[in-house]
file work30.cif (mmCIF, N, CA and C atoms)
data_coords
#
loop_
_atom_site.label_atom_id
_atom_site.label_comp_id
_atom_site.auth_asym_id
_atom_site.auth_seq_id
_atom_site.Cartn_x
_atom_site.Cartn_y
_atom_site.Cartn_z
N MET A 1 110.75 46.05 73.27
CA MET A 1 110.53 44.79 73.98
C MET A 1 111.53 43.76 73.48
N PRO A 2 112.22 43.05 74.40
CA PRO A 2 113.22 42.07 74.00
C PRO A 2 112.59 40.90 73.24
N GLU A 3 113.36 40.38 72.32
CA GLU A 3 112.91 39.26 71.51
C GLU A 3 113.08 37.95 72.28
N THR A 4 112.20 36.99 72.04
CA THR A 4 112.28 35.67 72.67
C THR A 4 112.58 34.63 71.61
N GLN A 5 113.64 33.85 71.83
CA GLN A 5 113.98 32.74 70.95
C GLN A 5 113.33 31.48 71.50
N GLN A 6 112.97 30.56 70.61
CA GLN A 6 112.38 29.29 71.04
C GLN A 6 113.24 28.13 70.55
N VAL A 7 113.44 27.16 71.43
CA VAL A 7 114.15 25.93 71.10
C VAL A 7 113.19 24.79 71.36
N PHE A 8 112.85 24.06 70.30
CA PHE A 8 111.95 22.91 70.42
C PHE A 8 112.78 21.65 70.58
N VAL A 9 112.57 20.93 71.67
CA VAL A 9 113.37 19.75 71.99
C VAL A 9 112.67 18.51 71.44
N GLY A 10 113.45 17.69 70.74
CA GLY A 10 112.94 16.45 70.16
C GLY A 10 113.79 15.27 70.59
N SER A 11 114.21 14.47 69.62
CA SER A 11 114.90 13.22 69.94
C SER A 11 116.41 13.28 69.73
N LYS A 12 116.97 14.44 69.44
CA LYS A 12 118.41 14.55 69.23
C LYS A 12 119.16 14.54 70.56
N ASN A 13 120.46 14.51 70.47
CA ASN A 13 121.34 14.54 71.64
C ASN A 13 121.14 15.85 72.40
N PRO A 14 121.14 15.84 73.74
CA PRO A 14 120.94 17.08 74.51
C PRO A 14 121.93 18.19 74.16
N MET A 15 123.16 17.85 73.76
CA MET A 15 124.14 18.87 73.41
C MET A 15 123.69 19.70 72.20
N THR A 16 122.91 19.11 71.33
CA THR A 16 122.36 19.86 70.20
C THR A 16 121.51 21.01 70.70
N TYR A 17 120.71 20.77 71.71
CA TYR A 17 119.83 21.79 72.26
C TYR A 17 120.59 22.78 73.14
N VAL A 18 121.67 22.32 73.78
CA VAL A 18 122.53 23.22 74.54
C VAL A 18 123.13 24.25 73.60
N LEU A 19 123.65 23.80 72.47
CA LEU A 19 124.24 24.72 71.49
C LEU A 19 123.20 25.67 70.91
N ALA A 20 121.99 25.17 70.69
CA ALA A 20 120.91 26.04 70.20
C ALA A 20 120.57 27.11 71.24
N CYS A 21 120.59 26.76 72.51
CA CYS A 21 120.32 27.73 73.58
C CYS A 21 121.43 28.77 73.67
N ILE A 22 122.68 28.33 73.57
CA ILE A 22 123.81 29.27 73.60
C ILE A 22 123.71 30.24 72.45
N THR A 23 123.39 29.74 71.27
CA THR A 23 123.21 30.60 70.10
C THR A 23 122.08 31.58 70.33
N GLY A 24 120.96 31.11 70.85
CA GLY A 24 119.82 31.98 71.13
C GLY A 24 120.15 33.06 72.15
N LEU A 25 120.89 32.70 73.19
CA LEU A 25 121.26 33.67 74.22
C LEU A 25 122.23 34.72 73.67
N ASN A 26 123.11 34.30 72.75
CA ASN A 26 124.08 35.23 72.17
C ASN A 26 123.47 36.15 71.12
N GLU A 27 122.42 35.69 70.44
CA GLU A 27 121.82 36.46 69.35
C GLU A 27 120.83 37.51 69.83
N THR A 28 120.30 37.36 71.02
CA THR A 28 119.26 38.27 71.48
C THR A 28 119.52 38.69 72.92
N ASP A 29 118.98 39.84 73.27
CA ASP A 29 119.06 40.29 74.66
C ASP A 29 117.89 39.75 75.47
N GLY A 30 116.96 39.07 74.81
CA GLY A 30 115.77 38.57 75.49
C GLY A 30 115.97 37.19 76.06
N ASP A 31 114.87 36.49 76.21
CA ASP A 31 114.85 35.17 76.81
C ASP A 31 114.94 34.08 75.75
N VAL A 32 115.24 32.88 76.22
CA VAL A 32 115.17 31.68 75.38
C VAL A 32 114.17 30.74 76.04
N GLU A 33 113.20 30.28 75.27
CA GLU A 33 112.21 29.32 75.75
C GLU A 33 112.58 27.94 75.24
N ILE A 34 112.69 26.97 76.15
CA ILE A 34 112.93 25.59 75.77
C ILE A 34 111.60 24.87 75.92
N LEU A 35 111.11 24.31 74.82
CA LEU A 35 109.79 23.69 74.79
C LEU A 35 109.94 22.20 74.46
N ALA A 36 109.23 21.36 75.22
CA ALA A 36 109.27 19.92 74.96
C ALA A 36 107.95 19.29 75.35
N ARG A 37 107.66 18.15 74.71
CA ARG A 37 106.46 17.38 75.03
C ARG A 37 106.83 15.91 75.20
N GLY A 38 106.05 15.23 76.01
CA GLY A 38 106.17 13.78 76.15
C GLY A 38 107.52 13.31 76.62
N ARG A 39 108.09 12.36 75.89
CA ARG A 39 109.36 11.75 76.28
C ARG A 39 110.55 12.69 76.14
N SER A 40 110.37 13.80 75.47
CA SER A 40 111.45 14.76 75.28
C SER A 40 111.64 15.69 76.48
N ILE A 41 110.73 15.64 77.44
CA ILE A 41 110.80 16.53 78.60
C ILE A 41 112.12 16.32 79.36
N SER A 42 112.50 15.07 79.59
CA SER A 42 113.74 14.82 80.34
C SER A 42 114.95 15.32 79.56
N ARG A 43 114.92 15.26 78.25
CA ARG A 43 116.02 15.76 77.42
C ARG A 43 116.12 17.28 77.53
N ALA A 44 114.98 17.96 77.64
CA ALA A 44 114.98 19.42 77.81
C ALA A 44 115.59 19.80 79.15
N VAL A 45 115.22 19.09 80.20
CA VAL A 45 115.78 19.36 81.53
C VAL A 45 117.27 19.07 81.53
N ASP A 46 117.69 17.99 80.89
CA ASP A 46 119.12 17.66 80.78
C ASP A 46 119.88 18.79 80.08
N ALA A 47 119.32 19.31 79.00
CA ALA A 47 119.98 20.38 78.24
C ALA A 47 120.18 21.62 79.11
N VAL A 48 119.16 22.00 79.86
CA VAL A 48 119.28 23.18 80.73
C VAL A 48 120.31 22.93 81.83
N GLU A 49 120.33 21.74 82.40
CA GLU A 49 121.31 21.44 83.46
C GLU A 49 122.73 21.42 82.91
N ILE A 50 122.94 20.87 81.73
CA ILE A 50 124.27 20.89 81.10
C ILE A 50 124.69 22.33 80.84
N LEU A 51 123.77 23.12 80.32
CA LEU A 51 124.05 24.52 80.03
C LEU A 51 124.46 25.26 81.31
N LYS A 52 123.73 25.02 82.39
CA LYS A 52 124.03 25.69 83.67
C LYS A 52 125.36 25.24 84.26
N ARG A 53 125.62 23.97 84.24
CA ARG A 53 126.80 23.44 84.93
C ARG A 53 128.10 23.61 84.15
N GLN A 54 128.04 23.50 82.82
CA GLN A 54 129.28 23.48 82.05
C GLN A 54 129.57 24.75 81.26
N PHE A 55 128.54 25.50 80.90
CA PHE A 55 128.77 26.63 80.00
C PHE A 55 128.41 27.99 80.59
N LYS A 56 127.32 28.08 81.32
CA LYS A 56 126.84 29.36 81.84
C LYS A 56 126.42 29.19 83.30
N PRO A 57 127.40 29.22 84.23
CA PRO A 57 127.06 29.00 85.64
C PRO A 57 126.14 30.07 86.22
N ASN A 58 126.10 31.24 85.62
CA ASN A 58 125.23 32.32 86.11
C ASN A 58 123.90 32.38 85.37
N LEU A 59 123.53 31.31 84.71
CA LEU A 59 122.29 31.27 83.95
C LEU A 59 121.09 31.50 84.86
N ASN A 60 120.16 32.31 84.40
CA ASN A 60 118.96 32.60 85.17
C ASN A 60 117.79 31.80 84.60
N VAL A 61 117.29 30.84 85.38
CA VAL A 61 116.09 30.11 84.98
C VAL A 61 114.91 30.93 85.49
N LYS A 62 114.26 31.63 84.57
CA LYS A 62 113.20 32.56 84.95
C LYS A 62 111.92 31.87 85.36
N SER A 63 111.54 30.83 84.61
CA SER A 63 110.30 30.13 84.95
C SER A 63 110.29 28.73 84.35
N VAL A 64 109.50 27.89 84.97
CA VAL A 64 109.25 26.54 84.48
C VAL A 64 107.74 26.34 84.53
N GLU A 65 107.16 26.06 83.38
CA GLU A 65 105.71 25.83 83.31
C GLU A 65 105.47 24.42 82.79
N ILE A 66 104.54 23.74 83.43
CA ILE A 66 104.16 22.40 82.96
C ILE A 66 102.67 22.40 82.64
N GLY A 67 102.28 21.50 81.78
CA GLY A 67 100.88 21.41 81.42
C GLY A 67 100.62 20.19 80.56
N THR A 68 99.46 20.17 79.95
CA THR A 68 99.04 19.05 79.11
C THR A 68 98.44 19.58 77.82
N ASP A 69 98.86 18.98 76.70
CA ASP A 69 98.25 19.26 75.40
C ASP A 69 97.30 18.13 75.06
N GLU A 70 96.21 18.47 74.43
CA GLU A 70 95.25 17.46 73.98
C GLU A 70 95.41 17.33 72.47
N LEU A 71 95.84 16.16 72.02
CA LEU A 71 96.09 15.91 70.60
C LEU A 71 95.17 14.82 70.08
N PRO A 72 94.86 14.85 68.79
CA PRO A 72 94.04 13.77 68.23
C PRO A 72 94.81 12.45 68.23
N ASN A 73 94.09 11.37 68.47
CA ASN A 73 94.68 10.03 68.45
C ASN A 73 95.12 9.68 67.05
N ARG A 74 96.25 9.00 66.93
CA ARG A 74 96.73 8.56 65.62
C ARG A 74 95.94 7.37 65.10
N ASP A 75 95.61 6.45 66.00
CA ASP A 75 95.02 5.18 65.61
C ASP A 75 93.50 5.19 65.53
N SER A 76 92.86 6.01 66.34
CA SER A 76 91.40 5.97 66.39
C SER A 76 90.86 7.37 66.61
N ASP A 77 89.54 7.45 66.68
CA ASP A 77 88.91 8.73 66.99
C ASP A 77 89.18 9.08 68.44
N GLY A 78 89.00 10.32 68.77
CA GLY A 78 89.21 10.76 70.15
C GLY A 78 90.51 11.53 70.29
N THR A 79 90.86 11.78 71.52
CA THR A 79 92.06 12.56 71.80
C THR A 79 92.93 11.85 72.83
N ARG A 80 94.17 12.30 72.91
CA ARG A 80 95.09 11.80 73.93
C ARG A 80 95.74 13.00 74.59
N HIS A 81 96.22 12.81 75.78
CA HIS A 81 96.83 13.89 76.55
C HIS A 81 98.34 13.68 76.60
N ILE A 82 99.08 14.74 76.25
CA ILE A 82 100.53 14.70 76.23
C ILE A 82 101.06 15.79 77.18
N SER A 83 101.94 15.40 78.08
CA SER A 83 102.55 16.37 78.99
C SER A 83 103.48 17.29 78.23
N LYS A 84 103.62 18.54 78.73
CA LYS A 84 104.53 19.48 78.09
C LYS A 84 105.21 20.32 79.17
N ILE A 85 106.35 20.92 78.77
CA ILE A 85 107.11 21.77 79.66
C ILE A 85 107.65 22.96 78.88
N LYS A 86 107.71 24.11 79.53
CA LYS A 86 108.35 25.29 78.95
C LYS A 86 109.28 25.85 80.01
N ILE A 87 110.57 25.91 79.68
CA ILE A 87 111.58 26.45 80.57
C ILE A 87 112.09 27.75 79.94
N VAL A 88 112.00 28.84 80.68
CA VAL A 88 112.44 30.15 80.18
C VAL A 88 113.75 30.49 80.87
N ILE A 89 114.80 30.74 80.06
CA ILE A 89 116.11 31.06 80.60
C ILE A 89 116.60 32.39 80.03
N ALA A 90 117.53 33.01 80.74
CA ALA A 90 118.16 34.25 80.29
C ALA A 90 119.55 34.33 80.90
N ASP A 91 120.41 35.14 80.27
CA ASP A 91 121.72 35.40 80.86
C ASP A 91 121.54 36.18 82.15
N ALA A 92 122.38 35.91 83.12
CA ALA A 92 122.32 36.66 84.38
C ALA A 92 122.69 38.11 84.11
N GLU A 93 122.03 38.99 84.79
CA GLU A 93 122.25 40.43 84.55
C GLU A 93 123.26 40.99 85.50
#
call {"tool": "encode", "arguments": {"input": "work30.cif", "output": "structure tokens"}}
result
Amino acid sequence: MPETQQVFVGSKNPMTYVLACITGLNETDGDVEILARGRSISRAVDAVEILKRQFKPNLNVKSVEIGTDELPNRDSDGTRHISKIKIVIADAE
């Protein structure tokens, strides 16, 4: 079974995540999952688009999943809902 690499997107420059994806695609024959939550979602989408347009025009976006995580509140009791995204990519075959 092919190995899956994961790239967690945070607050760094999108090119950082593009390079992490290229490394992940080169190191394994499997997929690369790009995972982001909250405000980092747009940065994850930007990274995939940069990767597709400038580095790997034949990139295969296998799936895009969206959802919500329930996390404990920092300031008070209770929970808060944070949007999340998972983009699965692979080299074109």
call {"tool": "residues_around", "arguments": {"input": "work30.cif", "residues": "range 30-40 of chain A", "least_positions_apart": "6", "cutoff": "10 Å", "atoms": "only C-alpha atoms", "output": "PyMOL selection string"}}
result
chain A and resi 1-12+14+17-18+20-24+46-48+60-69+81-91
call {"tool": "axis_aligned_box", "arguments": {"input": "work30.cif", "around": "range 15-23 of chain A", "padding_each_side": "3 Å", "output": "lines of an AutoDock Vina configuration file"}}
result
center_x = 122.0
center_y = 24.7
center_z = 72.3
size_x = 10.4
size_y = 19.7
size_z = 10.4
call {"tool": "select_by_dssp", "arguments": {"input": "work30.cif", "residues": "chain A", "states": "strand (DSSP E or B)", "output": "short mmCIF file (atom, residue, chain, number, x, y, z; two decimals) with N, CA and C atoms, in the coordinates of the input"}}
result
data_model
loop_
_atom_site.label_atom_id
_atom_site.label_comp_id
_atom_site.auth_asym_id
_atom_site.auth_seq_id
_atom_site.Cartn_x
_atom_site.Cartn_y
_atom_site.Cartn_z
N GLN A 5 113.64 33.85 71.83
CA GLN A 5 113.98 32.74 70.95
C GLN A 5 113.33 31.48 71.50
N GLN A 6 112.97 30.56 70.61
CA GLN A 6 112.38 29.29 71.04
C GLN A 6 113.24 28.13 70.55
N VAL A 7 113.44 27.16 71.43
CA VAL A 7 114.15 25.93 71.10
C VAL A 7 113.19 24.79 71.36
N PHE A 8 112.85 24.06 70.30
CA PHE A 8 111.95 22.91 70.42
C PHE A 8 112.78 21.65 70.58
N VAL A 32 115.24 32.88 76.22
CA VAL A 32 115.17 31.68 75.38
C VAL A 32 114.17 30.74 76.04
N GLU A 33 113.20 30.28 75.27
CA GLU A 33 112.21 29.32 75.75
C GLU A 33 112.58 27.94 75.24
N ILE A 34 112.69 26.97 76.15
CA ILE A 34 112.93 25.59 75.77
C ILE A 34 111.60 24.87 75.92
N LEU A 35 111.11 24.31 74.82
CA LEU A 35 109.79 23.69 74.79
C LEU A 35 109.94 22.20 74.46
N ALA A 36 109.23 21.36 75.22
CA ALA A 36 109.27 19.92 74.96
C ALA A 36 107.95 19.29 75.35
N ARG A 37 107.66 18.15 74.71
CA ARG A 37 106.46 17.38 75.03
C ARG A 37 106.83 15.91 75.20
N ASN A 60 120.16 32.31 84.40
CA ASN A 60 118.96 32.60 85.17
C ASN A 60 117.79 31.80 84.60
N VAL A 61 117.29 30.84 85.38
CA VAL A 61 116.09 30.11 84.98
C VAL A 61 114.91 30.93 85.49
N LYS A 62 114.26 31.63 84.57
CA LYS A 62 113.20 32.56 84.95
C LYS A 62 111.92 31.87 85.36
N SER A 63 111.54 30.83 84.61
CA SER A 63 110.30 30.13 84.95
C SER A 63 110.29 28.73 84.35
N VAL A 64 109.50 27.89 84.97
CA VAL A 64 109.25 26.54 84.48
C VAL A 64 107.74 26.34 84.53
N GLU A 65 107.16 26.06 83.38
CA GLU A 65 105.71 25.83 83.31
C GLU A 65 105.47 24.42 82.79
N ILE A 66 104.54 23.74 83.43
CA ILE A 66 104.16 22.40 82.96
C ILE A 66 102.67 22.40 82.64
N GLY A 67 102.28 21.50 81.78
CA GLY A 67 100.88 21.41 81.42
C GLY A 67 100.62 20.19 80.56
N THR A 68 99.46 20.17 79.95
CA THR A 68 99.04 19.05 79.11
C THR A 68 98.44 19.58 77.82
N ASP A 69 98.86 18.98 76.70
CA ASP A 69 98.25 19.26 75.40
C ASP A 69 97.30 18.13 75.06
N GLU A 70 96.21 18.47 74.43
CA GLU A 70 95.25 17.46 73.98
C GLU A 70 95.41 17.33 72.47
N LEU A 71 95.84 16.16 72.02
CA LEU A 71 96.09 15.91 70.60
C LEU A 71 95.17 14.82 70.08
N PRO A 72 94.86 14.85 68.79
CA PRO A 72 94.04 13.77 68.23
C PRO A 72 94.81 12.45 68.23
N THR A 79 90.86 11.78 71.52
CA THR A 79 92.06 12.56 71.80
C THR A 79 92.93 11.85 72.83
N ARG A 80 94.17 12.30 72.91
CA ARG A 80 95.09 11.80 73.93
C ARG A 80 95.74 13.00 74.59
N HIS A 81 96.22 12.81 75.78
CA HIS A 81 96.83 13.89 76.55
C HIS A 81 98.34 13.68 76.60
N ILE A 82 99.08 14.74 76.25
CA ILE A 82 100.53 14.70 76.23
C ILE A 82 101.06 15.79 77.18
N SER A 83 101.94 15.40 78.08
CA SER A 83 102.55 16.37 78.99
C SER A 83 103.48 17.29 78.23
N LYS A 84 103.62 18.54 78.73
CA LYS A 84 104.53 19.48 78.09
C LYS A 84 105.21 20.32 79.17
N ILE A 85 106.35 20.92 78.77
CA ILE A 85 107.11 21.77 79.66
C ILE A 85 107.65 22.96 78.88
N LYS A 86 107.71 24.11 79.53
CA LYS A 86 108.35 25.29 78.95
C LYS A 86 109.28 25.85 80.01
N ILE A 87 110.57 25.91 79.68
CA ILE A 87 111.58 26.45 80.57
C ILE A 87 112.09 27.75 79.94
N VAL A 88 112.00 28.84 80.68
CA VAL A 88 112.44 30.15 80.18
C VAL A 88 113.75 30.49 80.87
N ILE A 89 114.80 30.74 80.06
CA ILE A 89 116.11 31.06 80.60
C ILE A 89 116.60 32.39 80.03
N ALA A 90 117.53 33.01 80.74
CA ALA A 90 118.16 34.25 80.29
C ALA A 90 119.55 34.33 80.90
#
call {"tool": "atom_distance", "arguments": {"input": "work30.cif", "atom1": "CA of Leu25 in chain A", "atom2": "CA of Lys56 in chain A"}}
result
10.4 Å
call {"tool": "atom_distance", "arguments": {"input": "work30.cif", "atom1": "atom N of Asn73 in chain A", "atom2": "atom C of Ser42 in chain A"}}
result
24.0 Å
call {"tool": "atom_distance", "arguments": {"input": "work30.cif", "atom1": "atom C of Arg53 in chain A", "atom2": "atom N of Asn26 in chain A"}}
result
16.4 Å
call {"tool": "select_by_dssp", "arguments": {"input": "work30.cif", "residues": "chain A", "states": "alpha helix (DSSP H)", "output": "number ranges by chain"}}
result
A: 14-27, 41-50
call {"tool": "build_atoms", "arguments": {"input": "work30.cif", "residues": "range 40-51 of chain A", "atoms": "all heavy atoms", "output": "CSV table (one decimal), in the coordinates of the input"}}
result
chain,number,residue,atom,x,y,z
A,40,SER,N,110.4,13.8,75.5
A,40,SER,CA,111.4,14.8,75.3
A,40,SER,C,111.6,15.7,76.5
A,40,SER,O,112.6,16.5,76.5
A,40,SER,CB,111.2,15.6,74.0
A,40,SER,OG,111.1,14.8,72.9
A,41,ILE,N,110.7,15.6,77.4
A,41,ILE,CA,110.8,16.5,78.6
A,41,ILE,C,112.1,16.3,79.4
A,41,ILE,O,112.8,17.3,79.7
A,41,ILE,CB,109.6,16.3,79.5
A,41,ILE,CG1,108.3,16.9,78.8
A,41,ILE,CG2,109.8,17.0,80.9
A,41,ILE,CD1,107.0,16.6,79.6
A,42,SER,N,112.5,15.1,79.6
A,42,SER,CA,113.7,14.8,80.3
A,42,SER,C,115.0,15.3,79.6
A,42,SER,O,115.9,15.8,80.2
A,42,SER,CB,113.9,13.3,80.7
A,42,SER,OG,114.0,12.6,79.5
A,43,ARG,N,114.9,15.3,78.2
A,43,ARG,CA,116.0,15.8,77.4
A,43,ARG,C,116.1,17.3,77.5
A,43,ARG,O,117.2,17.8,77.6
A,43,ARG,CB,115.8,15.3,76.0
A,43,ARG,CG,117.0,15.4,75.1
A,43,ARG,CD,116.9,14.7,73.8
A,43,ARG,NE,116.7,13.2,74.0
A,43,ARG,CZ,115.6,12.5,73.8
A,43,ARG,NH1,114.5,13.2,73.3
A,43,ARG,NH2,115.5,11.3,74.0
A,44,ALA,N,115.0,18.0,77.6
A,44,ALA,CA,115.0,19.4,77.8
A,44,ALA,C,115.6,19.8,79.2
A,44,ALA,O,116.4,20.7,79.2
A,44,ALA,CB,113.6,20.0,77.7
A,45,VAL,N,115.2,19.1,80.2
A,45,VAL,CA,115.8,19.4,81.5
A,45,VAL,C,117.3,19.1,81.5
A,45,VAL,O,118.1,19.9,82.1
A,45,VAL,CB,115.0,18.5,82.6
A,45,VAL,CG1,115.7,18.7,84.0
A,45,VAL,CG2,113.6,18.9,82.7
A,46,ASP,N,117.7,18.0,80.9
A,46,ASP,CA,119.1,17.7,80.8
A,46,ASP,C,119.9,18.8,80.1
A,46,ASP,O,121.0,19.2,80.5
A,46,ASP,CB,119.3,16.4,80.0
A,46,ASP,CG,118.9,15.1,80.8
A,46,ASP,OD1,118.7,15.2,82.0
A,46,ASP,OD2,118.8,14.1,80.2
A,47,ALA,N,119.3,19.3,79.0
A,47,ALA,CA,120.0,20.4,78.2
A,47,ALA,C,120.2,21.6,79.1
A,47,ALA,O,121.3,22.2,79.1
A,47,ALA,CB,119.2,20.7,77.0
A,48,VAL,N,119.2,22.0,79.9
A,48,VAL,CA,119.3,23.2,80.7
A,48,VAL,C,120.3,22.9,81.8
A,48,VAL,O,121.1,23.8,82.1
A,48,VAL,CB,117.9,23.6,81.3
A,48,VAL,CG1,118.1,24.6,82.4
A,48,VAL,CG2,116.9,24.0,80.3
A,49,GLU,N,120.3,21.7,82.4
A,49,GLU,CA,121.3,21.4,83.5
A,49,GLU,C,122.7,21.4,82.9
A,49,GLU,O,123.7,21.9,83.6
A,49,GLU,CB,121.0,20.1,84.1
A,49,GLU,CG,119.8,20.2,85.0
A,49,GLU,CD,119.9,21.1,86.2
A,49,GLU,OE1,121.0,21.1,86.8
A,49,GLU,OE2,119.0,21.9,86.4
A,50,ILE,N,122.9,20.9,81.7
A,50,ILE,CA,124.3,20.9,81.1
A,50,ILE,C,124.7,22.3,80.8
A,50,ILE,O,125.8,22.7,81.1
A,50,ILE,CB,124.3,20.1,79.8
A,50,ILE,CG1,124.1,18.6,80.1
A,50,ILE,CG2,125.5,20.3,79.0
A,50,ILE,CD1,123.8,17.7,78.9
A,51,LEU,N,123.8,23.1,80.3
A,51,LEU,CA,124.0,24.5,80.0
A,51,LEU,C,124.5,25.3,81.3
A,51,LEU,O,125.4,26.0,81.3
A,51,LEU,CB,122.8,25.2,79.4
A,51,LEU,CG,122.9,26.6,78.9
A,51,LEU,CD1,124.0,26.7,77.9
A,51,LEU,CD2,121.6,27.0,78.4
